[in-house]
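S.K.: This is the structure, below, for whatever I ask next.
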Amino acid sequence: MSEHQLLLEAHAVAKHFGGVKALHDVSLTIRRGEIYGLIGPNGAGKTTFFNCLTGLYRNEGGHFIFDGVRLQADAPHKAAAVGIARTFQNIRLFGNMTALENVMVGRHLRTRAGVLGAIIRNPATRAEEAGIARRAEELLHYVGIHARAHDYAKHLSYGDQRRLEIARALATEPKLLALDEPAAGMNGTETEALRVLVEGICRDGVTVLLIEHDVKLVMGLCGRVAVLDYGEKICEDVPAVVQKDARVVEAYLGGSVA
Amino acid sequence: MNGRARPSSSRQRHWLGFMLLGVVLLAVPFVAAMGGQAWVRIANFAILYVFLALGLNIVVGYAGLLDLGYVAFYAVGAYAYALLASPHFGIHLPFWVILPLGAGLACIFGVLLGAPTLKLRGDYLAIVTLGFGEIVRIFMNNLNAPVNITNGAQGITLIDPIRIGDFSFAQTSSFLGVTLSGPQKYYFLLVALALLVIMVNIRLQDSRIGRAWQAIREDEVAAKACGINTRNIKLLAFAMGASFGGIAGGVFSAMQGFVSPESFSLMESITILAMVVLGGMGHIPGVILGAILLTGLPEALRYGIEPLQRALFGRMIVDPESLRMLVFGLALVLVMRFRPAGLWPSSQRRRELAESAG
């Protein structure tokens with residue numbers, strides 16, 4: 001595999017909280033254009049890995065190489081700037097802003113207008129503002145909730161809120177979209193719609209990192225899967241192999257699925 | 001839906017409203033003057049407080065940072081003007097040099113306050129800002145030794161009025177047959193400044209920066225994940241709010257001709273914050289209403305209570321000053337009890353509060 005095919009390399013990433021080792025030398029590689037799944041039982045360290053990657057936590061050991069450059073993400077906005085966008089396990093929208101405004105906030109990173117521009121509203125600022133609104137509308141169309149553009153985020157249905165969070169993340173023009181349990185709490189129909197959406201996003205050139213509990217969704221969607229257990233990576237392969245791995249079956253699937 | 005689309009008939013009504021407002025604004029100094037120049041001064045202070053409250057609104061209302069030391073920036077602006085345009089140092093710079101200088105200086109103080117407090121929110125931030133406000137006041141009070149900079153508690157007197165060439169804002173003069181007293185001239189200057197700060201508030205609210213502030217207020221972690229550099233954006237709110245405080249301080253200095261640390265007590269910070277909260281945080285018309293009410297009401301009480309008591313009881317029973325604070329406090333409590341989002345809140349703030357109550 002040549003170097004430029006790799007989008008993300010995690011090298012021996014370690015993180016502990018007090019005496020608890022949340023991540024123990026986790027290494028993995030994500031290729032450009034794939035949907036990569038990260039699964040594991042509750043408390044296995046999936047979200048901790050996410051938070052280290054997106055700069056919310058600082059990892060004590062190891063490092064990330066993103067797009068060929070060593071990631072210096074000591075702050076979340078820097079991770080977003082290099083092209084890592086994320087959603088949250090417990091949806092974090094700006095509830096009292098409209099769906100459209102939520103996505104417009106996502107454009108912050110890729111736009112420039114400052115205070116002076118805001119006050120004098122020069123043509124460049126107005127053009128940029130119009131561009132922000134246009135792009136936000138496109139993204140709402142893309143995730144399929146355009147009809148709710150002017151509703152407040154907190155009034156959207158659960159499934160629509162998940163979609164809105166994805167639209168907001170896409171607004172930052174990410175190379176890697178990291179989804180933290182996007183199907184949690186969804187029913188079968190909603191999960192299926194989400195699967196179609198994530199596949200579409202990947203087809204449009206965004207690499208996807210997916211944390212998920214829904215094993216069926218992960219196995220059907222992801223090209224490769226890594227399994228974490230007690231902060232350690234115990235397996236990384238295509239779904240068919242992972243499903244049959246003895247350690248995975250023991251740790252996560254409990255022997256019942258295999 | 002949020003009803004943003006505005007039919008043209010309501011747009012016409014808007015214009016009518018603006019014209020009416022214009023007429024009222026023009027008439028105020030002349031109507032007030034009938035009751036004496038003191039009332040024009042009260043109107044001036046009301047507008048100065050509108051200016052201050054809208055400056056604080058950027059920090060508290062938009063960015064959601066509870067600042068109890070706002071008066072420090074007002075003090076910095078006031079002292080900058082006082083020191084650079086009075087016989088104290090024998091420096092007499094023109095106002096168009098000092099006002100921007102004072103705004104810039106206050107802006108630097110805003111960043112100085114903001115930088116160490118960025119990680120704090122809510123109560124903790126309030127306590128630190130409160131301390132900051134007091135530190136500035138105490139500095140002003142004590143910077144008269146070993147080198148006399150601020151003249152201590154006596155304050156600085158004989159501050160130059162705002163002057164453009166031979167046209168001084170302190171004297172009575174007449175144009176086009178209309179005679180304007182000093183306070184009346186300041187009134188129009190203050191109205192112009194207030195319109196400026198209103199425009200800045202409106203335009204900031206509906207901008208990339210305004211959305212970033214709102215996002216931080218709603219969910220700071222999510223805002224960071226969206227790529228917002230929350231440190232810089234918060235500092236920007238502090239700096240913007242502070243520079244408006246600085247300008248207000250400069251105008252205050254020029255208008256009064258005298259400043260002393262006494263004018264910049266904690267009570268002053270609290271009053272300005274009360275204007276923002278009582279009127280309706282983050283909602284421009286609400287903040288303006290709050291500022292006018294909280295300046296006008298105490299004055300009206302001051303002048304109204306004594307005659308009222310004499311008429312009712314034939315003598316003075318309660319000292320007007322203490323009764324004034326009592327009524328003032330009661331009014332605050334009642335508003336917060338029955339209109340917790342403020343007298344004239346934005347639809348959004350009302351929702352936020354409904355949410356947290358429900």
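In the structure tokens, chains take the letters A, B, ... in the order shown, each chain's residues start at 1, and ligands count up from 1 in the order shown.
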Could you produce a table of the residues of chain A lying within 9 Å of chain B, with the nearest pair of atoms per residue and their separation in Å rounded to one decimal, using only C-alpha atoms, ordered by chain and increasing residue number, as JSON lines?
M.R.:
```
{"residue": "A:Thr54", "atom": "CA", "partner": "B:Ala225", "partner_atom": "CA", "distance": 7.7}
{"residue": "A:Gly55", "atom": "CA", "partner": "B:Ala225", "partner_atom": "CA", "distance": 8.7}
{"residue": "A:Leu56", "atom": "CA", "partner": "B:Val221", "partner_atom": "CA", "distance": 8.3}
{"residue": "A:Ala75", "atom": "CA", "partner": "B:Lys224", "partner_atom": "CA", "distance": 8.0}
{"residue": "A:Pro76", "atom": "CA", "partner": "B:Ala225", "partner_atom": "CA", "distance": 5.4}
{"residue": "A:His77", "atom": "CA", "partner": "B:Gly227", "partner_atom": "CA", "distance": 3.9}
{"residue": "A:Lys78", "atom": "CA", "partner": "B:Gly227", "partner_atom": "CA", "distance": 6.8}
{"residue": "A:Ala79", "atom": "CA", "partner": "B:Gly227", "partner_atom": "CA", "distance": 7.7}
{"residue": "A:Ala80", "atom": "CA", "partner": "B:Gly227", "partner_atom": "CA", "distance": 5.0}
{"residue": "A:Ala81", "atom": "CA", "partner": "B:Gly227", "partner_atom": "CA", "distance": 6.2}
{"residue": "A:Ala85", "atom": "CA", "partner": "B:Ala225", "partner_atom": "CA", "distance": 7.0}
{"residue": "A:Arg86", "atom": "CA", "partner": "B:Ala225", "partner_atom": "CA", "distance": 6.9}
{"residue": "A:Thr87", "atom": "CA", "partner": "B:Ala225", "partner_atom": "CA", "distance": 8.4}
{"residue": "A:Phe88", "atom": "CA", "partner": "B:Ala222", "partner_atom": "CA", "distance": 8.4}
{"residue": "A:Arg92", "atom": "CA", "partner": "B:Ala222", "partner_atom": "CA", "distance": 6.0}
{"residue": "A:Leu93", "atom": "CA", "partner": "B:Ala222", "partner_atom": "CA", "distance": 7.0}
{"residue": "A:Phe94", "atom": "CA", "partner": "B:Glu218", "partner_atom": "CA", "distance": 5.4}
{"residue": "A:Gly95", "atom": "CA", "partner": "B:Glu218", "partner_atom": "CA", "distance": 7.1}
{"residue": "A:Asn96", "atom": "CA", "partner": "B:Gln348", "partner_atom": "CA", "distance": 6.6}
{"residue": "A:Met97", "atom": "CA", "partner": "B:Ala215", "partner_atom": "CA", "distance": 8.3}
{"residue": "A:Glu101", "atom": "CA", "partner": "B:Arg211", "partner_atom": "CA", "distance": 7.7}
{"residue": "A:Asn102", "atom": "CA", "partner": "B:Ala215", "partner_atom": "CA", "distance": 8.2}
{"residue": "A:Met104", "atom": "CA", "partner": "B:Arg211", "partner_atom": "CA", "distance": 8.1}
{"residue": "A:Val105", "atom": "CA", "partner": "B:Arg211", "partner_atom": "CA", "distance": 6.3}
{"residue": "A:Gly106", "atom": "CA", "partner": "B:Cys226", "partner_atom": "CA", "distance": 5.2}
{"residue": "A:Arg107", "atom": "CA", "partner": "B:Cys226", "partner_atom": "CA", "distance": 8.1}
{"residue": "A:His108", "atom": "CA", "partner": "B:Arg208", "partner_atom": "CA", "distance": 6.6}
{"residue": "A:Leu109", "atom": "CA", "partner": "B:Gly227", "partner_atom": "CA", "distance": 5.3}
{"residue": "A:Arg110", "atom": "CA", "partner": "B:Gly227", "partner_atom": "CA", "distance": 8.9}
{"residue": "A:Thr111", "atom": "CA", "partner": "B:Arg208", "partner_atom": "CA", "distance": 8.2}
{"residue": "A:Arg112", "atom": "CA", "partner": "B:Arg208", "partner_atom": "CA", "distance": 8.3}
{"residue": "A:Ala113", "atom": "CA", "partner": "B:Arg208", "partner_atom": "CA", "distance": 6.6}
{"residue": "A:Gly114", "atom": "CA", "partner": "B:Ile209", "partner_atom": "CA", "distance": 6.6}
{"residue": "A:Val115", "atom": "CA", "partner": "B:Ile209", "partner_atom": "CA", "distance": 6.8}
{"residue": "A:Gly117", "atom": "CA", "partner": "B:Ser207", "partner_atom": "CA", "distance": 8.9}
{"residue": "A:Ala118", "atom": "CA", "partner": "B:Leu204", "partner_atom": "CA", "distance": 5.8}
{"residue": "A:Ile119", "atom": "CA", "partner": "B:Arg203", "partner_atom": "CA", "distance": 5.5}
{"residue": "A:Ile120", "atom": "CA", "partner": "B:Arg203", "partner_atom": "CA", "distance": 8.3}
{"residue": "A:Arg121", "atom": "CA", "partner": "B:Arg203", "partner_atom": "CA", "distance": 8.1}
{"residue": "A:Glu129", "atom": "CA", "partner": "B:Arg208", "partner_atom": "CA", "distance": 7.6}
{"residue": "A:Arg148", "atom": "CA", "partner": "B:Met1", "partner_atom": "CA", "distance": 9.0}
{"residue": "A:His150", "atom": "CA", "partner": "B:Met1", "partner_atom": "CA", "distance": 6.2}
{"residue": "A:Asp151", "atom": "CA", "partner": "B:Met1", "partner_atom": "CA", "distance": 5.8}
{"residue": "A:Tyr152", "atom": "CA", "partner": "B:Met1", "partner_atom": "CA", "distance": 8.3}
{"residue": "A:Arg168", "atom": "CA", "partner": "B:Cys226", "partner_atom": "CA", "distance": 7.6}
{"residue": "A:Ala169", "atom": "CA", "partner": "B:Cys226", "partner_atom": "CA", "distance": 6.7}
{"residue": "A:Ala171", "atom": "CA", "partner": "B:Cys226", "partner_atom": "CA", "distance": 8.6}
{"residue": "A:Thr172", "atom": "CA", "partner": "B:Cys226", "partner_atom": "CA", "distance": 6.8}
```
S.K.: Quick one: DSSP alpha helix (DSSP H) residues in segment 204-246 of chain B, as a VMD selection string?
M.R.: chain B and resid 204 to 205 208 to 218 220 to 225 230 to 246
S.K.: Based on the backbone DSSP call, show me all residues of segment 116-175 of chain B assigned strand (DSSP E or B), as number ranges by chain.
M.R.: B: 156, 163-164, 167-168, 173-175
S.K.: Take the residues from that selection and write them out as a short mmCIF file (atom, residue, chain, number, x, y, z; two decimals), in the first residue's frame, keeping N, CA and C atoms.
M.R.:
```cif
data_model
loop_
_atom_site.label_atom_id
_atom_site.label_comp_id
_atom_site.auth_asym_id
_atom_site.auth_seq_id
_atom_site.Cartn_x
_atom_site.Cartn_y
_atom_site.Cartn_z
N ILE B 156 -10.11 64.28 39.04
CA ILE B 156 -9.52 65.26 38.14
C ILE B 156 -10.61 66.24 37.73
N ARG B 163 -14.73 69.74 21.82
CA ARG B 163 -14.65 71.00 21.10
C ARG B 163 -14.22 70.72 19.67
N ILE B 164 -14.94 71.30 18.73
CA ILE B 164 -14.52 71.19 17.33
C ILE B 164 -14.23 72.61 16.87
N PHE B 167 -16.21 75.62 18.18
CA PHE B 167 -17.52 75.17 18.61
C PHE B 167 -17.36 74.24 19.81
N SER B 168 -17.75 74.75 20.98
CA SER B 168 -17.60 73.95 22.19
C SER B 168 -18.95 73.40 22.63
N SER B 173 -25.09 77.97 22.38
CA SER B 173 -24.92 78.69 21.11
C SER B 173 -26.19 78.46 20.30
N SER B 174 -26.29 79.20 19.23
CA SER B 174 -27.52 79.04 18.45
C SER B 174 -27.20 78.87 16.98
N PHE B 175 -27.91 77.94 16.36
CA PHE B 175 -27.86 77.87 14.90
C PHE B 175 -29.25 77.96 14.34
#
```
S.K.: When distances are computed from only C-alpha atoms, which of A:Ile166, A:Val227, A:Val143, A:Ile201 shows the smallest separation from Pro41 of chain A?
M.R.: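 Comparing A:Ile166, A:Val227, A:Val143, A:Ile201 against Pro41 of chain A, the winner is A:Val227.
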S.K.: Quick one, how far is atom CA of Arg70 of chain A from atom CA of Thr29 of chain A?
M.R.: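 According to the coordinates, atom CA of Arg70 of chain A and atom CA of Thr29 of chain A are separated by 13.6 Å.
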S.K.: Pick out the residues sitting within 9 Å of Ala149 of chain A, and hand them over as a PyMOL selection string; count only C-alpha atoms, and ignore anything fewer than 2 positions along from it in its own chain.
M.R.: chain A and resi 98-101+137+140+145-147+151-153
S.K.: List the neighbours of Gly33 of chain A out to 8 Å using only C-alpha atoms; skip same-chain residues closer than 6 positions along the sequence, and give me the result as a list in words.
M.R.: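 Counting only C-alpha atoms, the residues come to Cys202, Arg203, Gly205, Val206, Thr207 and Val208 of chain A.
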S.K.: Could you name the residues that touch Leu6 of chain A at 12 Å or less, counting only C-alpha atoms, but leaving out those on the same chain fewer than 2 positions away, as a list in words?
M.R.: Met1, Ser2, Glu3, His4, Leu8, Glu9, Ala10, Leu28, Thr29, Ile30, Arg31, Arg32, Gly33, Glu34, Phe64, Ile65, Phe66, Asp67, Gly68, Val69, Lys175, Leu176 and Thr207 of chain A
S.K.: For Asp237 of chain A, find every residue with an atom within 12 Å (counting only C-alpha atoms), except residues of its own chain fewer than 6 positions away, and show them as JSON, numbers by chain.
M.R.: {"A": [28, 29, 30, 36, 37, 38, 39, 219, 222, 223, 224, 225, 226, 227, 243, 244, 245, 248]}
S.K.: Those residues you just picked out, can you put them in a file as a PDB file, in the first residue's frame with C-alpha atoms?
M.R.:
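Now in selection12.pdb:
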```pdb
ATOM      1  CA  LEU A  28      -4.505   1.701  13.295  1.00  0.00           C
ATOM      2  CA  THR A  29      -4.548   3.024   9.765  1.00  0.00           C
ATOM      3  CA  ILE A  30      -7.434   4.418   7.772  1.00  0.00           C
ATOM      4  CA  TYR A  36     -13.690   2.337   8.715  1.00  0.00           C
ATOM      5  CA  GLY A  37     -15.510   0.901  11.681  1.00  0.00           C
ATOM      6  CA  LEU A  38     -14.415   1.063  15.297  1.00  0.00           C
ATOM      7  CA  ILE A  39     -16.353  -1.243  17.569  1.00  0.00           C
ATOM      8  CA  MET A 219     -20.640  -5.198   9.192  1.00  0.00           C
ATOM      9  CA  CYS A 222     -17.586  -0.753   6.694  1.00  0.00           C
ATOM     10  CA  GLY A 223     -14.749  -1.889   4.482  1.00  0.00           C
ATOM     11  CA  ARG A 224     -12.555  -2.596   7.480  1.00  0.00           C
ATOM     12  CA  VAL A 225     -13.213  -2.825  11.181  1.00  0.00           C
ATOM     13  CA  ALA A 226     -11.075  -2.511  14.288  1.00  0.00           C
ATOM     14  CA  VAL A 227     -12.188  -3.896  17.616  1.00  0.00           C
ATOM     15  CA  GLN A 243     -16.717 -11.677  12.827  1.00  0.00           C
ATOM     16  CA  LYS A 244     -14.952 -15.021  13.056  1.00  0.00           C
ATOM     17  CA  ASP A 245     -12.023 -13.901  15.195  1.00  0.00           C
ATOM     18  CA  VAL A 248     -13.607 -10.697  19.202  1.00  0.00           C
TER      19      VAL A 248
END
```
S.K.: What is the distance, in Å and to one decimal place, between atom CA of Pro161 of chain B and atom CA of Pro100 of chain B?
M.R.: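 Straight-line distance from atom CA of Pro161 of chain B to atom CA of Pro100 of chain B works out to 15.9 Å.
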S.K.: In Å, how far is it from atom CA of Val215 of chain A to atom CA of Arg58 of chain A?
M.R.: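 Interatomic distance, atom CA of Val215 of chain A to atom CA of Arg58 of chain A: 28.8 Å.
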